[in-house]
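Structure data (compact mmCIF, C-alpha atoms and all ligand atoms) from target-v2.txt:
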# COMPACT_ATOMS: atom_id res chain seq x y z
CA MET A 938 6.83 24.71 15.15
CA PRO A 939 6.81 23.61 18.81
CA ARG A 940 4.17 25.20 21.06
CA LEU A 941 5.60 28.29 22.69
CA GLY A 942 5.22 29.06 26.38
CA LYS A 943 4.08 32.37 27.86
CA ARG A 944 7.60 33.60 28.52
CA GLU A 945 8.73 32.98 24.97
CA LYS A 946 5.68 34.82 23.63
CA TRP A 947 6.34 37.79 25.96
CA LYS A 948 9.91 37.85 24.71
CA ARG A 949 8.89 37.68 21.06
CA ASN A 950 6.30 40.45 21.56
CA GLN A 951 9.16 42.82 22.33
CA SER A 952 10.45 42.62 18.78
CA LEU A 953 7.06 42.88 17.05
CA ARG A 954 6.36 46.29 15.53
CA CYS A 955 2.61 45.94 16.03
CA VAL A 956 2.77 45.24 19.78
CA LEU A 957 2.49 48.10 22.28
CA GLU A 958 3.12 47.30 25.92
CA PRO A 959 3.43 50.70 27.60
CA ASP A 960 4.05 50.67 31.32
CA LEU A 961 1.98 53.51 32.69
CA PRO A 962 2.58 54.30 36.36
CA VAL A 963 -0.01 52.59 38.54
CA PRO A 964 -1.71 54.40 40.16
CA GLY A 965 -0.99 57.57 38.26
CA THR A 966 -2.34 60.45 36.32
CA GLU A 967 0.02 60.12 33.40
CA CYS A 968 -1.58 59.09 30.13
CA PHE A 969 -0.30 57.09 27.19
CA GLU A 970 1.94 59.35 25.11
CA HIS A 971 -0.11 58.86 21.91
CA ARG A 972 -3.50 59.37 23.60
CA GLY A 973 -5.75 61.38 21.29
CA ARG A 974 -3.27 61.03 18.39
CA TRP A 975 -3.37 57.30 17.63
CA ALA A 976 -4.31 57.61 13.96
CA ALA A 977 -1.59 60.13 13.10
CA GLU A 978 1.20 58.90 15.36
CA ILE A 979 0.71 55.12 15.44
CA PHE A 980 -0.92 54.43 12.07
CA GLY A 981 0.37 57.46 10.15
CA ASN A 982 -3.02 58.42 8.72
CA ASP A 983 -6.39 59.94 9.70
CA ARG A 984 -8.57 56.85 9.29
CA PRO A 985 -11.21 55.64 11.76
CA ILE A 986 -10.15 53.36 14.58
CA VAL A 987 -11.87 50.11 15.55
CA LEU A 988 -11.10 48.75 19.03
CA GLU A 989 -11.61 45.16 20.19
CA LEU A 990 -11.65 44.96 23.99
CA GLY A 991 -10.43 41.66 25.46
CA CYS A 992 -9.22 40.44 22.07
CA GLY A 993 -7.60 37.23 23.42
CA LYS A 994 -5.53 35.68 20.63
CA GLY A 995 -6.37 38.66 18.46
CA ARG A 996 -7.37 36.72 15.36
CA PHE A 997 -10.68 38.54 15.00
CA THR A 998 -8.93 41.92 15.18
CA LEU A 999 -6.58 40.71 12.46
CA PHE A 1000 -9.45 39.37 10.34
CA MET A 1001 -11.19 42.77 10.51
CA ALA A 1002 -7.96 44.54 9.57
CA GLN A 1003 -7.66 42.32 6.51
CA GLN A 1004 -11.28 43.00 5.52
CA PHE A 1005 -10.97 46.79 5.91
CA PRO A 1006 -7.57 48.09 4.82
CA ASP A 1007 -9.02 51.64 4.97
CA ARG A 1008 -9.52 51.50 8.77
CA ASN A 1009 -7.17 51.14 11.72
CA PHE A 1010 -7.58 48.31 14.25
CA ILE A 1011 -6.48 47.88 17.85
CA GLY A 1012 -6.76 44.61 19.77
CA LEU A 1013 -6.56 45.31 23.51
CA ASP A 1014 -6.00 42.65 26.16
CA LEU A 1015 -4.46 42.35 29.60
CA LYS A 1016 -2.46 39.36 28.47
CA GLY A 1017 0.29 39.83 25.91
CA HIS A 1018 0.98 36.13 25.45
CA ARG A 1019 -2.58 35.73 24.16
CA PHE A 1020 -2.47 38.36 21.45
CA TRP A 1021 1.03 37.28 20.41
CA THR A 1022 -0.76 34.84 18.06
CA GLY A 1023 -2.50 37.62 16.09
CA ALA A 1024 0.46 39.98 16.30
CA ASP A 1025 2.93 37.39 15.00
CA GLU A 1026 0.61 36.55 12.10
CA ALA A 1027 0.03 40.23 11.27
CA GLU A 1028 3.78 40.77 11.00
CA ARG A 1029 4.34 37.68 8.92
CA LEU A 1030 1.56 38.78 6.53
CA GLY A 1031 2.81 42.38 6.43
CA ILE A 1032 -0.50 43.83 7.68
CA THR A 1033 0.10 47.36 8.88
CA ASN A 1034 -3.36 48.61 9.91
CA VAL A 1035 -3.46 46.58 13.15
CA VAL A 1036 -1.75 46.91 16.51
CA TYR A 1037 -2.12 45.09 19.80
CA LEU A 1038 -2.15 46.96 23.08
CA ARG A 1039 -1.48 45.35 26.44
CA ALA A 1040 -3.73 47.27 28.82
CA ALA A 1041 -6.67 46.95 31.19
CA VAL A 1042 -10.08 48.11 30.01
CA GLN A 1043 -10.41 49.80 33.43
CA GLU A 1044 -7.70 52.23 32.29
CA ILE A 1045 -9.25 53.02 28.92
CA GLU A 1046 -9.36 56.80 29.22
CA ARG A 1047 -5.62 56.90 29.87
CA TYR A 1048 -5.05 55.40 26.43
CA PHE A 1049 -7.70 57.02 24.25
CA GLY A 1050 -8.93 60.60 23.97
CA PRO A 1051 -12.42 62.00 23.32
CA GLU A 1052 -13.94 60.96 19.96
CA GLU A 1053 -10.98 58.73 19.15
CA ILE A 1054 -12.78 55.40 18.57
CA SER A 1055 -15.31 54.76 15.79
CA GLU A 1056 -16.28 51.20 16.63
CA PHE A 1057 -16.02 48.92 19.65
CA TRP A 1058 -16.17 45.12 19.71
CA LEU A 1059 -16.62 43.20 22.96
CA THR A 1060 -16.15 39.55 22.14
CA PHE A 1061 -16.85 36.85 24.72
CA SER A 1062 -16.07 39.12 27.64
CA ASP A 1063 -15.92 37.46 31.05
CA PRO A 1064 -19.51 37.49 32.42
CA GLN A 1065 -18.50 38.23 36.04
CA PRO A 1066 -21.75 36.76 37.43
CA LYS A 1067 -21.11 38.03 40.98
CA ASP A 1068 -20.53 41.60 39.85
CA GLY A 1069 -23.90 43.13 40.77
CA THR A 1070 -22.75 46.73 40.27
CA GLY A 1071 -21.02 46.28 36.89
CA ARG A 1072 -17.61 47.42 38.15
CA LYS A 1073 -15.86 44.42 36.61
CA ARG A 1074 -18.17 43.37 33.77
CA ILE A 1075 -16.81 45.30 30.78
CA THR A 1076 -20.19 45.08 29.02
CA SER A 1077 -21.99 46.89 31.87
CA ALA A 1078 -23.70 50.28 31.51
CA ARG A 1079 -21.00 51.69 33.77
CA PHE A 1080 -18.28 50.71 31.26
CA VAL A 1081 -20.36 51.64 28.22
CA GLU A 1082 -20.65 55.15 29.67
CA ARG A 1083 -16.85 55.29 29.67
CA TYR A 1084 -16.68 54.04 26.07
CA ARG A 1085 -19.00 56.93 25.13
CA ARG A 1086 -16.35 59.36 26.40
CA ILE A 1087 -13.88 58.17 23.78
CA ALA A 1088 -16.42 57.40 21.04
CA ALA A 1089 -16.57 59.31 17.76
CA LEU A 1090 -19.92 60.65 16.59
CA GLY A 1091 -22.14 57.75 15.50
CA ALA A 1092 -19.75 55.14 16.90
CA ARG A 1093 -21.07 51.58 17.13
CA LEU A 1094 -20.71 49.02 19.88
CA HIS A 1095 -20.94 45.29 19.21
CA ILE A 1096 -21.33 42.72 21.97
CA LYS A 1097 -20.93 39.05 20.99
CA THR A 1098 -21.25 36.51 23.77
CA ASP A 1099 -22.15 32.96 24.71
CA SER A 1100 -23.49 34.23 28.02
CA ALA A 1101 -27.23 34.77 28.33
CA LEU A 1102 -26.42 36.78 31.47
CA VAL A 1103 -24.17 39.22 29.60
CA HIS A 1104 -26.73 39.50 26.81
CA ASP A 1105 -29.76 39.96 29.06
CA LEU A 1106 -28.09 42.47 31.38
CA ALA A 1107 -26.88 44.51 28.39
CA LEU A 1108 -30.36 44.37 26.90
CA GLU A 1109 -31.83 45.63 30.16
CA GLU A 1110 -29.18 48.28 30.89
CA LEU A 1111 -28.42 49.58 27.40
CA GLY A 1112 -31.73 49.14 25.58
CA PRO A 1113 -34.10 49.63 23.99
CA ASP A 1114 -32.49 51.15 20.90
CA PHE A 1115 -30.46 48.32 19.44
CA LEU A 1116 -29.60 48.29 15.78
CA LEU A 1117 -29.52 44.50 15.74
CA GLN A 1118 -30.02 41.75 18.28
CA SER A 1119 -29.95 37.94 18.25
CA ARG A 1120 -29.90 35.05 20.69
CA ASP A 1121 -28.63 32.69 17.99
CA VAL A 1122 -26.14 34.42 15.73
CA HIS A 1123 -25.28 31.33 13.69
CA GLY A 1124 -28.90 30.29 13.11
CA PRO A 1125 -31.09 31.48 10.19
CA TRP A 1126 -30.88 35.07 11.56
CA ILE A 1127 -27.38 35.54 10.12
CA GLU A 1128 -28.79 35.50 6.58
CA THR A 1129 -30.79 38.65 7.37
CA VAL A 1130 -27.76 40.66 8.48
CA PRO A 1131 -26.46 43.12 5.90
CA GLU A 1132 -22.87 42.93 4.70
CA PRO A 1133 -20.19 43.67 5.71
CA LEU A 1134 -21.43 43.00 9.26
CA GLN A 1135 -22.61 39.52 8.27
CA ALA A 1136 -19.09 38.42 7.34
CA LEU A 1137 -17.73 39.79 10.61
CA LEU A 1138 -20.35 37.97 12.66
CA ARG A 1139 -19.72 34.73 10.81
CA PHE A 1140 -16.10 34.80 12.00
CA GLN A 1141 -15.70 32.56 15.06
CA THR A 1142 -13.21 33.64 17.70
CA HIS A 1143 -11.15 31.15 19.70
CA TYR A 1144 -13.61 31.08 22.62
CA GLU A 1145 -16.58 31.13 20.31
CA GLN A 1146 -15.42 27.92 18.59
CA ARG A 1147 -15.11 26.33 22.00
CA TRP A 1148 -18.62 27.35 23.10
CA ILE A 1149 -20.14 26.25 19.81
CA ARG A 1150 -18.49 22.82 20.22
CA GLU A 1151 -20.16 22.62 23.63
CA GLY A 1152 -23.54 23.32 22.01
CA ARG A 1153 -24.01 26.86 23.33
CA LYS A 1154 -25.86 29.50 21.36
CA ILE A 1155 -24.07 32.73 20.48
CA HIS A 1156 -25.76 36.04 21.30
CA TYR A 1157 -25.23 39.45 19.71
CA LEU A 1158 -26.23 43.04 20.39
CA GLY A 1159 -25.30 46.02 18.22
CA LEU A 1160 -26.01 49.61 19.16
CA GLU A 1161 -25.04 53.17 18.36
CA LEU A 1162 -23.35 54.99 21.22
C1 LIG A 1201 -13.01 34.80 27.47
S1 LIG A 1201 -11.64 35.56 26.79
C2 LIG A 1201 -12.20 36.01 25.15
C3 LIG A 1201 -11.06 36.25 24.21
C4 LIG A 1201 -11.45 36.54 22.75
N1 LIG A 1201 -12.23 37.74 22.64
C5 LIG A 1201 -12.18 35.38 22.15
O1 LIG A 1201 -13.37 35.51 21.91
O2 LIG A 1201 -11.54 34.34 21.90
C6 LIG A 1201 -11.61 37.14 27.63
C7 LIG A 1201 -10.36 37.95 27.34
O3 LIG A 1201 -10.50 39.23 27.94
C8 LIG A 1201 -9.31 39.58 28.57
N2 LIG A 1201 -9.68 40.49 29.68
C9 LIG A 1201 -10.46 40.19 30.74
N3 LIG A 1201 -10.63 41.27 31.52
C10 LIG A 1201 -9.93 42.28 30.93
C11 LIG A 1201 -9.69 43.64 31.27
N4 LIG A 1201 -10.23 44.17 32.35
N5 LIG A 1201 -8.92 44.37 30.45
C12 LIG A 1201 -8.36 43.82 29.33
N6 LIG A 1201 -8.56 42.53 28.96
C13 LIG A 1201 -9.33 41.78 29.74
C14 LIG A 1201 -8.70 38.28 29.05
O4 LIG A 1201 -7.29 38.38 29.22
C15 LIG A 1201 -9.08 37.35 27.91
O5 LIG A 1201 -8.10 37.29 26.90

Would you mind writing the file's structure down as structure tokens?
Amino acid sequence: MPRLGKREKWKRNQSLRCVLEPDLPVPGTECFEHRGRWAAEIFGNDRPIVLELGCGKGRFTLFMAQQFPDRNFIGLDLKGHRFWTGADEAERLGITNVVYLRAAVQEIERYFGPEEISEFWLTFSDPQPKDGTGRKRITSARFVERYRRIAALGARLHIKTDSALVHDLALEELGPDFLLQSRDVHGPWIETVPEPLQALLRFQTHYEQRWIREGRKIHYLGLEL
């Protein structure tokens, strides 16, 4: 198949069942119509929801959905043409426990209600090195405080990154109680990680493959919110 451009992917997204591109008024107080009722109204069940923030092509979200048919998965990204890849594949494979949401992390409380999310994944988030106050870096304590507002009891947060800055700032701001932590995910450490987390961490996202090719080490932090 020829490579598709952005416009074609945007167009194709419109006919994919698993793509949600709500246009909330900006700025506005109105919330997403399914806020607080995602499991029942979007997935038609009462299963836990796992949210990947900045999912890019969305292949990791899809991989998780395939591994855990008894959970619901949402891949969120600002850019619909990126997650078209995962969404298109999900539809072709008939996978129904995953959806992709075009939204900004900054707006997260307009989409999700209190206690709605059981697990968060932040994969290769932009490091925003000039963002001293953490207003843009979606791994900052400021953002994590917002994730807590929509987190279910005992929810977990996973941060996987090539950026020592992202890792070290998170360690400083969110520590010291991490469940797991590594500065070299794909080194010998991975063998010590219990399943099923080990299989999830072994999966390499699009950006991760790129950074590994460039010889960068992959960092990971896992904590309970
Ligand atoms: C470096 S890429 C990583 C993509 C994917 N997680 C991966 O590992 O291949 C960062 C992604 O985050 C998305 N992103 C950045 N800031 C965002 C925001 N504020 N809200 C939603 N998505 C955001 C970008 O559109 C991009 O797809």

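Of note, CA of Gln1043 in chain A and CA of Arg1083 in chain A are spaced 9.3 Å apart.
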
Exercise. Check the smallest atom-to-atom distance from each of A:Gln1003, A:Thr1022, A:Ser1055, A:Thr998 to Asp983 in chain A using all atoms listed in the file, then report the winner.
Key: A:Ser1055

Exercise. Would you work out the distance separating atom C5 of ligand LIG 1201 (chain A) from CA of Asn982 in chain A, expressed in Å to one decimal?
Key: 28.2 Å

Using all atoms listed in the file, which residues of chain A come within 6 Å of ligand LIG 1201 (chain A), and what is the closest atom pair for each, with the distance in Å to one decimal? Give it as JSON lines, sorted by chain and residue number.
{"residue": "A:Gly991", "atom": "CA", "partner": "A:LIG1201", "partner_atom": "O3", "distance": 3.5}
{"residue": "A:Cys992", "atom": "CA", "partner": "A:LIG1201", "partner_atom": "N1", "distance": 4.1}
{"residue": "A:Gly993", "atom": "CA", "partner": "A:LIG1201", "partner_atom": "O5", "distance": 3.5}
{"residue": "A:Asp1014", "atom": "CA", "partner": "A:LIG1201", "partner_atom": "N6", "distance": 3.8}
{"residue": "A:Leu1015", "atom": "CA", "partner": "A:LIG1201", "partner_atom": "N6", "distance": 4.2}
{"residue": "A:Lys1016", "atom": "CA", "partner": "A:LIG1201", "partner_atom": "O4", "distance": 5.0}
{"residue": "A:Ala1040", "atom": "CA", "partner": "A:LIG1201", "partner_atom": "C12", "distance": 5.8}
{"residue": "A:Ala1041", "atom": "CA", "partner": "A:LIG1201", "partner_atom": "N5", "distance": 3.5}
{"residue": "A:Val1042", "atom": "CA", "partner": "A:LIG1201", "partner_atom": "N5", "distance": 3.9}
{"residue": "A:Gln1043", "atom": "CA", "partner": "A:LIG1201", "partner_atom": "N4", "distance": 5.7}
{"residue": "A:Thr1060", "atom": "CA", "partner": "A:LIG1201", "partner_atom": "N1", "distance": 4.3}
{"residue": "A:Phe1061", "atom": "CA", "partner": "A:LIG1201", "partner_atom": "O1", "distance": 4.7}
{"residue": "A:Ser1062", "atom": "CA", "partner": "A:LIG1201", "partner_atom": "C6", "distance": 4.9}
{"residue": "A:Asp1063", "atom": "CA", "partner": "A:LIG1201", "partner_atom": "C1", "distance": 5.3}
{"residue": "A:Thr1142", "atom": "CA", "partner": "A:LIG1201", "partner_atom": "O2", "distance": 4.6}
{"residue": "A:His1143", "atom": "CA", "partner": "A:LIG1201", "partner_atom": "O2", "distance": 3.9}
{"residue": "A:Tyr1144", "atom": "CA", "partner": "A:LIG1201", "partner_atom": "O2", "distance": 3.9}
{"residue": "A:Glu1145", "atom": "CA", "partner": "A:LIG1201", "partner_atom": "O1", "distance": 5.7}

Quiz prompt | Distance criterion (only C-alpha atoms): nearest to Gly1071 in chain A out of A:Val1103, A:Arg1039, A:Trp1058, A:Arg1120 | solution =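 Using only C-alpha atoms, the shortest distance to Gly1071 in chain A belongs to A:Val1103.
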
Quiz item: To one decimal place, how far is CA of Ala977 in chain A from CA of Leu1038 in chain A in Å?
Solution: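 Distance reported for this atom pair: 16.5 Å.
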
Practice problem: Do a neighbour search on Gly1124 in chain A at 12 Å with all atoms listed in the file, toss out local chain neighbours closer than 6 positions, and write the hits as a ChimeraX atom specification. | Solution: /A:1130,1138-1139,1149,1153-1157

Self-check item: Residues within 12 Å of range 1105-1108 of chain A, only C-alpha atoms, excluding chain neighbours under 5 positions, as a PyMOL selection string
Solution: chain A and resi 1059+1064-1066+1068-1071+1074-1081+1094-1100+1113-1120+1156-1160

Exercise. Find the residue from A:Pro1133, A:Gly942, A:Pro962, A:Gly1152 that sits nearest to Met1001 in chain A; use all atoms listed in the file when measuring.
Key: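 Selected residue with least distance to Met1001 in chain A: A:Pro1133.
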
Quiz item: Which of these, A:Phe1005, A:Trp1148, A:Tyr1037, A:Trp947, has the shortest distance to His1018 in chain A once you count only C-alpha atoms?
Solution: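 Comparing A:Phe1005, A:Trp1148, A:Tyr1037, A:Trp947 against His1018 in chain A, the winner is A:Trp947.
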
Exercise. Find the residues around Trp975 in chain A up to 12 Å (all atoms listed in the file counted), leave out those fewer than 4 positions away in its own chain, and share them as a PyMOL selection string.
Key: chain A and resi 957+969-971+979-988+1009-1011+1034-1036+1038+1048-1054

Enclose all atoms of range 1077-1090 of chain A listed in the file in an axis-aligned box, grow every side by 3 Å, and hand back centre and edge lengths in Å to one decimal, as AutoDock Vina command-line options.
--center_x -18.8 --center_y 53.8 --center_z 25.2 --size_x 15.8 --size_y 19.8 --size_z 23.2

Polymer residues at most 8 Å from Ala1027 in chain A, all atoms listed in the file, same-chain spacing of 6 or more positions, as a short mmCIF file (atom, residue, chain, number, x, y, z; two decimals) with C-alpha atoms, in the coordinates of the input:
data_model
loop_
_atom_site.label_atom_id
_atom_site.label_comp_id
_atom_site.auth_asym_id
_atom_site.auth_seq_id
_atom_site.Cartn_x
_atom_site.Cartn_y
_atom_site.Cartn_z
CA CYS A 955 2.61 45.94 16.03
CA LEU A 999 -6.58 40.71 12.46
CA THR A 1033 0.10 47.36 8.88
CA VAL A 1035 -3.46 46.58 13.15
#

Quiz prompt | Who sits within 12 Å of Lys948 in chain A, only C-alpha atoms, same chain under 6 positions skipped, as a list in words | solution = Leu941, Gly942, Val956, Glu958, Gly1017, His1018, Trp1021 and Asp1025 of chain A

Residue completion, range 952-963 of chain A, all heavy atoms, as an mmCIF file, in the coordinates of the input:
data_model
loop_
_atom_site.group_PDB
_atom_site.id
_atom_site.type_symbol
_atom_site.label_atom_id
_atom_site.label_comp_id
_atom_site.auth_asym_id
_atom_site.auth_seq_id
_atom_site.Cartn_x
_atom_site.Cartn_y
_atom_site.Cartn_z
ATOM 1 N N SER A 952 9.857 42.255 20.075
ATOM 2 C CA SER A 952 10.450 42.620 18.780
ATOM 3 C C SER A 952 9.385 42.750 17.676
ATOM 4 O O SER A 952 9.726 42.900 16.509
ATOM 5 C CB SER A 952 11.504 41.586 18.385
ATOM 6 O OG SER A 952 10.897 40.323 18.341
ATOM 7 N N LEU A 953 8.105 42.711 18.067
ATOM 8 C CA LEU A 953 7.060 42.880 17.050
ATOM 9 C C LEU A 953 6.647 44.341 16.962
ATOM 10 O O LEU A 953 6.282 44.948 17.973
ATOM 11 C CB LEU A 953 5.843 42.004 17.384
ATOM 12 C CG LEU A 953 6.059 40.485 17.339
ATOM 13 C CD1 LEU A 953 4.765 39.749 17.692
ATOM 14 C CD2 LEU A 953 6.535 40.043 15.962
ATOM 15 N N ARG A 954 6.697 44.886 15.764
ATOM 16 C CA ARG A 954 6.360 46.290 15.530
ATOM 17 C C ARG A 954 4.929 46.604 15.964
ATOM 18 O O ARG A 954 4.630 47.691 16.458
ATOM 19 C CB ARG A 954 6.530 46.570 14.017
ATOM 20 C CG ARG A 954 6.224 47.964 13.555
ATOM 21 C CD ARG A 954 5.711 47.989 12.118
ATOM 22 N NE ARG A 954 4.595 47.083 11.893
ATOM 23 C CZ ARG A 954 3.331 47.380 12.158
ATOM 24 N NH1 ARG A 954 3.017 48.545 12.656
ATOM 25 N NH2 ARG A 954 2.369 46.491 11.936
ATOM 26 N N CYS A 955 4.021 45.645 15.789
ATOM 27 C CA CYS A 955 2.610 45.940 16.030
ATOM 28 C C CYS A 955 2.193 45.710 17.480
ATOM 29 O O CYS A 955 1.001 45.782 17.787
ATOM 30 C CB CYS A 955 1.734 45.120 15.081
ATOM 31 S SG CYS A 955 1.827 43.354 15.365
ATOM 32 N N VAL A 956 3.129 45.440 18.364
ATOM 33 C CA VAL A 956 2.770 45.240 19.780
ATOM 34 C C VAL A 956 3.175 46.456 20.606
ATOM 35 O O VAL A 956 4.313 46.912 20.534
ATOM 36 C CB VAL A 956 3.439 43.967 20.342
ATOM 37 C CG1 VAL A 956 3.300 43.900 21.859
ATOM 38 C CG2 VAL A 956 2.825 42.725 19.711
ATOM 39 N N LEU A 957 2.228 46.968 21.382
ATOM 40 C CA LEU A 957 2.490 48.100 22.280
ATOM 41 C C LEU A 957 2.239 47.633 23.707
ATOM 42 O O LEU A 957 1.130 47.190 24.027
ATOM 43 C CB LEU A 957 1.546 49.260 21.965
ATOM 44 C CG LEU A 957 1.682 49.879 20.566
ATOM 45 C CD1 LEU A 957 0.519 50.811 20.287
ATOM 46 C CD2 LEU A 957 2.995 50.619 20.453
ATOM 47 N N GLU A 958 3.267 47.727 24.531
ATOM 48 C CA GLU A 958 3.120 47.300 25.920
ATOM 49 C C GLU A 958 3.625 48.408 26.840
ATOM 50 O O GLU A 958 4.627 48.236 27.540
ATOM 51 C CB GLU A 958 3.871 45.988 26.140
ATOM 52 C CG GLU A 958 3.350 44.875 25.242
ATOM 53 C CD GLU A 958 4.002 43.519 25.479
ATOM 54 O OE1 GLU A 958 5.242 43.440 25.476
ATOM 55 O OE2 GLU A 958 3.260 42.550 25.679
ATOM 56 N N PRO A 959 2.938 49.572 26.797
ATOM 57 C CA PRO A 959 3.430 50.700 27.600
ATOM 58 C C PRO A 959 3.237 50.415 29.081
ATOM 59 O O PRO A 959 2.227 49.819 29.469
ATOM 60 C CB PRO A 959 2.525 51.869 27.164
ATOM 61 C CG PRO A 959 1.329 51.254 26.530
ATOM 62 C CD PRO A 959 1.676 49.855 26.117
ATOM 63 N N ASP A 960 4.199 50.840 29.877
ATOM 64 C CA ASP A 960 4.050 50.670 31.320
ATOM 65 C C ASP A 960 3.695 52.003 31.940
ATOM 66 O O ASP A 960 4.572 52.793 32.272
ATOM 67 C CB ASP A 960 5.336 50.099 31.925
ATOM 68 C CG ASP A 960 5.402 48.600 31.733
ATOM 69 O OD1 ASP A 960 4.341 47.955 31.872
ATOM 70 O OD2 ASP A 960 6.487 48.078 31.409
ATOM 71 N N LEU A 961 2.394 52.267 32.058
ATOM 72 C CA LEU A 961 1.980 53.510 32.690
ATOM 73 C C LEU A 961 2.102 53.344 34.191
ATOM 74 O O LEU A 961 1.865 52.257 34.709
ATOM 75 C CB LEU A 961 0.520 53.839 32.331
ATOM 76 C CG LEU A 961 0.203 54.037 30.848
ATOM 77 C CD1 LEU A 961 -1.237 54.490 30.676
ATOM 78 C CD2 LEU A 961 1.144 55.027 30.207
ATOM 79 N N PRO A 962 2.471 54.423 34.902
ATOM 80 C CA PRO A 962 2.580 54.300 36.360
ATOM 81 C C PRO A 962 1.221 53.939 36.959
ATOM 82 O O PRO A 962 0.199 54.447 36.522
ATOM 83 C CB PRO A 962 3.011 55.697 36.809
ATOM 84 C CG PRO A 962 2.908 56.579 35.626
ATOM 85 C CD PRO A 962 2.751 55.755 34.397
ATOM 86 N N VAL A 963 1.244 53.028 37.900
ATOM 87 C CA VAL A 963 -0.010 52.590 38.540
ATOM 88 C C VAL A 963 0.122 52.754 40.046
ATOM 89 O O VAL A 963 1.029 52.173 40.620
ATOM 90 C CB VAL A 963 -0.299 51.106 38.225
ATOM 91 C CG1 VAL A 963 -1.626 50.691 38.848
ATOM 92 C CG2 VAL A 963 -0.316 50.850 36.734
#
